[in-house]
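Down below is the structure, laid out as structure tokens.
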Amino acid sequence: MNKTLKYGLFLLVLGVIVAGLFAIVNSITAPIIAENELKEVLPMLEDIDEDNDEFKDVTEDYEELPISILKIFAGYKDGKNNSIIYWTSTIGYGGGEINVLTAIDVNSNQVIDTIVTGAVAQTAGIGDKIFDFDFDVAGNPVVNYANINVDTAVGSGDLAVISGATISVKGVYSGIIIASTHFVENFETSDDVDEEPTIEYILKEVDSGSDDFVEITDEFTDLSENILKVFNGKTNDEVNSVIYLTSTPGYRGGLVEILTAIDVETNLILGVVVTDATSQTPNLGDVIVDHDFDTIGKDANIYADLSVEDSIPEELEAITGATASVKAYYRGLIAATNHFVYEYLEAGLGE
Amino acid sequence: MKDNLLKGIFKENPILVSMLGFCPTLAITTKLENAIGMGIAVLFVLVLSNFMVSLIRNIVPDEIRIPIYIVIIAAFVTIIEMLMAAFLPGLHESLGIFIPLIVVNCIILGRAEAFASENKPLASIVDGVGMAIGFTLVLSLISIVREVLGFGTITIWKDLVININNLFGDDKLVIFTDFFVSPAGAFIVIGFLFAIVAAIRNKRTGEVK
């Protein structure tokens, strides 16, 4: 027999024996390990979800879990499942791991509470404030956190943040978002769930005065390639604003998505939110998400005719070292305001 | 048989003489409990791997003996890790990465290659026991020194702790400094231990300068 084949067979047989041995030992130890882990986390589960008296680890009921979800527990009271609790692991300051428990009520689809159970390498006195900070998520609908972009949500000011500890805070919110997203996809029972919670939620960030948003993209036949969608923000069927979702090239051609809301009566910019800057350099280009460009409250006409192709005009706010990403921001803003001034208003839609 | 057992403890001690297995020696010797736990894990793996290697020594093709030894050692390490996680979770967490790293502990592979592959199963088991005891004794000695100087305690097992601090009232003595449970403290303690062993050996062989 060929020597190589013989050696291969030898190792194969050895591997099979070892695998069988592992299977036997694992069948004995796995339930005990799971029980130990539950015992370890039980005090924290009781702390976050005090209404329930029994908790079960249901992680294995779900296939292809995101790597950030460590465990999923179900909380029971008198044998009835009332809550789902996620234990997540996300990245905080300096790449340190942040562990968060997020409990969600399966009856009301509201977040019961969230607690930080561990944080590695977060700055003492700053980042580690996340342990005691009230993230103000208790009682809020889980759909508010599902599928949202953490950078956008934190940057918008709608989520509670700790000054100077944004990255640690984002780590915590990432855990809540991952938990909420999985919950919405797997547990949520409410019938009145918005099919597009993400865009609805973000549209409200740029135009909090409107309570209804209608897409009007199809009303325009010759939209610039940078404009992806156009919405009207309405209250009592009356149009308050035009909101543009734009996508423009930034650093090395990576696309940056921006929502720009403009008041149809005053032509003032109501809000600008960077909804996606993940293609930009971390901690450099993507600072445009949090940066205040001082555009809110300004007249749309100021930006409609500007160009940033050669350089950023002096009157515009810039960020040293992030010129390409800043240009992408202004390209989006200019595309939106230009369309608003020369297409939307010209067509008499604002009257 | 007696010599085979004792050589691992004194004459061929894996740490003090062969200078093998330094990573866990430096890393986990912050508490006596860790040393005992690591010693038990190494004893389990060393004895069983020595036994298995000796048992199959006549049928193992020489060209692939090392991968075979590694698979056997890795299998036993994985099993002990599973058992520790299930039945000794505290110790499992305390020893952490150093349990899986037993796979690459030179003592285990070294004994498989140098002894078990050339000797009968019973002799190989005795060799494994002797080496593991020698390893555990040195780990324990270093741990006691470091834990006493570092924390002022000796943690024998879980809550069974001798608190030397209590002998001196409420205040922690100045000599009990965290330095000794840091990596630098480990090097210094081991350095002193080597010096003592060298002095004893020199005295025995009459080579005192």
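Residues in the structure tokens are named by chain (A, B, ... in the order shown) and by number from 1 within that chain; ligands are numbered from 1 in the order shown.
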
Taking the DSSP assignment computed from this structure's backbone, write out as a PDB file with N, CA and C atoms, in the first residue's frame all residues of stretch 8-194 of chain B that belong to strand (DSSP E).
ATOM      1  N   THR B 153      -1.759  35.698  51.487  1.00  0.00           N
ATOM      2  CA  THR B 153      -2.664  34.559  51.691  1.00  0.00           C
ATOM      3  C   THR B 153      -2.067  33.293  51.071  1.00  0.00           C
ATOM      4  N   ILE B 154      -2.635  32.152  51.440  1.00  0.00           N
ATOM      5  CA  ILE B 154      -2.337  30.897  50.735  1.00  0.00           C
ATOM      6  C   ILE B 154      -3.685  30.251  50.438  1.00  0.00           C
ATOM      7  N   THR B 155      -4.065  30.258  49.181  1.00  0.00           N
ATOM      8  CA  THR B 155      -5.360  29.692  48.788  1.00  0.00           C
ATOM      9  C   THR B 155      -5.159  28.234  48.413  1.00  0.00           C
ATOM     10  N   ILE B 156      -5.515  27.366  49.347  1.00  0.00           N
ATOM     11  CA  ILE B 156      -5.289  25.937  49.095  1.00  0.00           C
ATOM     12  C   ILE B 156      -6.328  25.403  48.112  1.00  0.00           C
ATOM     13  N   TRP B 157      -7.582  25.693  48.370  1.00  0.00           N
ATOM     14  CA  TRP B 157      -8.644  25.254  47.451  1.00  0.00           C
ATOM     15  C   TRP B 157      -9.917  26.031  47.756  1.00  0.00           C
ATOM     16  N   LEU B 160     -10.842  27.493  51.210  1.00  0.00           N
ATOM     17  CA  LEU B 160      -9.840  27.070  52.193  1.00  0.00           C
ATOM     18  C   LEU B 160      -8.590  27.943  52.023  1.00  0.00           C
ATOM     19  N   VAL B 161      -8.600  29.062  52.754  1.00  0.00           N
ATOM     20  CA  VAL B 161      -7.544  30.071  52.582  1.00  0.00           C
ATOM     21  C   VAL B 161      -6.871  30.348  53.918  1.00  0.00           C
ATOM     22  N   ILE B 162      -5.544  30.317  53.907  1.00  0.00           N
ATOM     23  CA  ILE B 162      -4.797  30.734  55.100  1.00  0.00           C
ATOM     24  C   ILE B 162      -4.460  32.209  54.893  1.00  0.00           C
ATOM     25  N   ASN B 163      -5.002  33.060  55.775  1.00  0.00           N
ATOM     26  CA  ASN B 163      -4.787  34.487  55.599  1.00  0.00           C
ATOM     27  C   ASN B 163      -3.700  34.969  56.554  1.00  0.00           C
TER      28      ASN B 163
END

Which residues of chain A come within 8 Å of chain B, and what is each one's closest atom pair and distance in Å (one decimal), counting only C-alpha atoms, sorted by chain and residue number, as JSON lines?
{"residue": "A:Tyr7", "atom": "CA", "partner": "B:Ile64", "partner_atom": "CA", "distance": 7.1}
{"residue": "A:Leu11", "atom": "CA", "partner": "B:Ile68", "partner_atom": "CA", "distance": 7.0}
{"residue": "A:Leu14", "atom": "CA", "partner": "B:Ile68", "partner_atom": "CA", "distance": 7.9}
{"residue": "A:Gly15", "atom": "CA", "partner": "B:Val71", "partner_atom": "CA", "distance": 7.7}
{"residue": "A:Val18", "atom": "CA", "partner": "B:Ala75", "partner_atom": "CA", "distance": 6.3}
{"residue": "A:Phe22", "atom": "CA", "partner": "B:Ile79", "partner_atom": "CA", "distance": 6.9}
{"residue": "A:Val25", "atom": "CA", "partner": "B:Ile79", "partner_atom": "CA", "distance": 6.8}
{"residue": "A:Asn26", "atom": "CA", "partner": "B:Met82", "partner_atom": "CA", "distance": 7.1}
{"residue": "A:Thr29", "atom": "CA", "partner": "B:Ala86", "partner_atom": "CA", "distance": 5.4}
{"residue": "A:Ala30", "atom": "CA", "partner": "B:Ala86", "partner_atom": "CA", "distance": 7.3}
{"residue": "A:Ile32", "atom": "CA", "partner": "B:Ala86", "partner_atom": "CA", "distance": 5.4}
{"residue": "A:Ile33", "atom": "CA", "partner": "B:Ala86", "partner_atom": "CA", "distance": 4.7}
{"residue": "A:Asn36", "atom": "CA", "partner": "B:Ala86", "partner_atom": "CA", "distance": 7.3}

**Request:** From a DSSP calculation on the backbone, collect every residue of stretch 6-201 of chain B in alpha helix (DSSP H) and output the set as a PyMOL selection string.
**Result:** chain B and resi 6-7+22-27+32-55+65-87+89-95+106-114+121-151+183-201

**Message:** When you look at stretch 235-245 of chain A with a cut-off of 7 Å (counting only C-alpha atoms), what residues show up, excluding the ones that are within fewer than 3 positions of it in the same chain? I need them as a PyMOL selection string.
**Reply:** chain A and resi 210-212+227-232+257-264+336

**Asked** Contacts of stretch 299-309 of chain A at 10 Å or less, counting only C-alpha atoms, minus same-chain residues fewer than 2 places along, as a ChimeraX atom specification?
**Response** /A:261-263,266-270,295-297,311-313,316,324,326-331,333-342

**Contact residues around B:Met1 with only C-alpha atoms at 8 Å, ignoring same-chain residues under 4 positions, as a PyMOL selection string** = chain B and resi 5+123+126

Quick one: residues within 9 Å of A:Asn99, only C-alpha atoms counted, chain neighbours fewer than 2 positions away excluded, as a PDB file with C-alpha atoms, in the first residue's frame?
ATOM      1  CA  LEU A  70     -23.720  35.156  23.419  1.00  0.00           C
ATOM      2  CA  TRP A  87     -26.684  38.622  26.450  1.00  0.00           C
ATOM      3  CA  THR A  88     -24.544  40.355  23.866  1.00  0.00           C
ATOM      4  CA  SER A  89     -20.867  41.067  23.354  1.00  0.00           C
ATOM      5  CA  THR A  90     -19.916  44.173  21.403  1.00  0.00           C
ATOM      6  CA  ILE A  91     -16.842  46.304  20.913  1.00  0.00           C
ATOM      7  CA  GLU A  97     -15.443  43.838  24.922  1.00  0.00           C
ATOM      8  CA  LEU A 101     -28.075  42.138  29.041  1.00  0.00           C
ATOM      9  CA  ILE A 115     -27.652  46.401  32.168  1.00  0.00           C
ATOM     10  CA  VAL A 116     -23.965  46.349  31.395  1.00  0.00           C
ATOM     11  CA  THR A 117     -22.527  43.137  32.841  1.00  0.00           C
ATOM     12  CA  GLY A 118     -18.932  43.575  31.764  1.00  0.00           C
ATOM     13  CA  ALA A 119     -16.650  46.074  30.067  1.00  0.00           C
ATOM     14  CA  VAL A 120     -13.021  45.374  29.233  1.00  0.00           C
ATOM     15  CA  GLY A 171     -20.818  49.569  22.352  1.00  0.00           C
ATOM     16  CA  VAL A 172     -23.766  49.363  24.753  1.00  0.00           C
ATOM     17  CA  GLY A 175     -25.800  45.322  22.066  1.00  0.00           C
TER      18      GLY A 175
END

**Request:** Excluding stretch 134-142 of chain B and residues on its chain fewer than 2 positions from it, collect all residues at most 6 Å away from it, counting only C-alpha atoms, and give them as a PyMOL selection string.
**Result:** chain B and resi 8-9+13+32+35+39+131-132+144-145
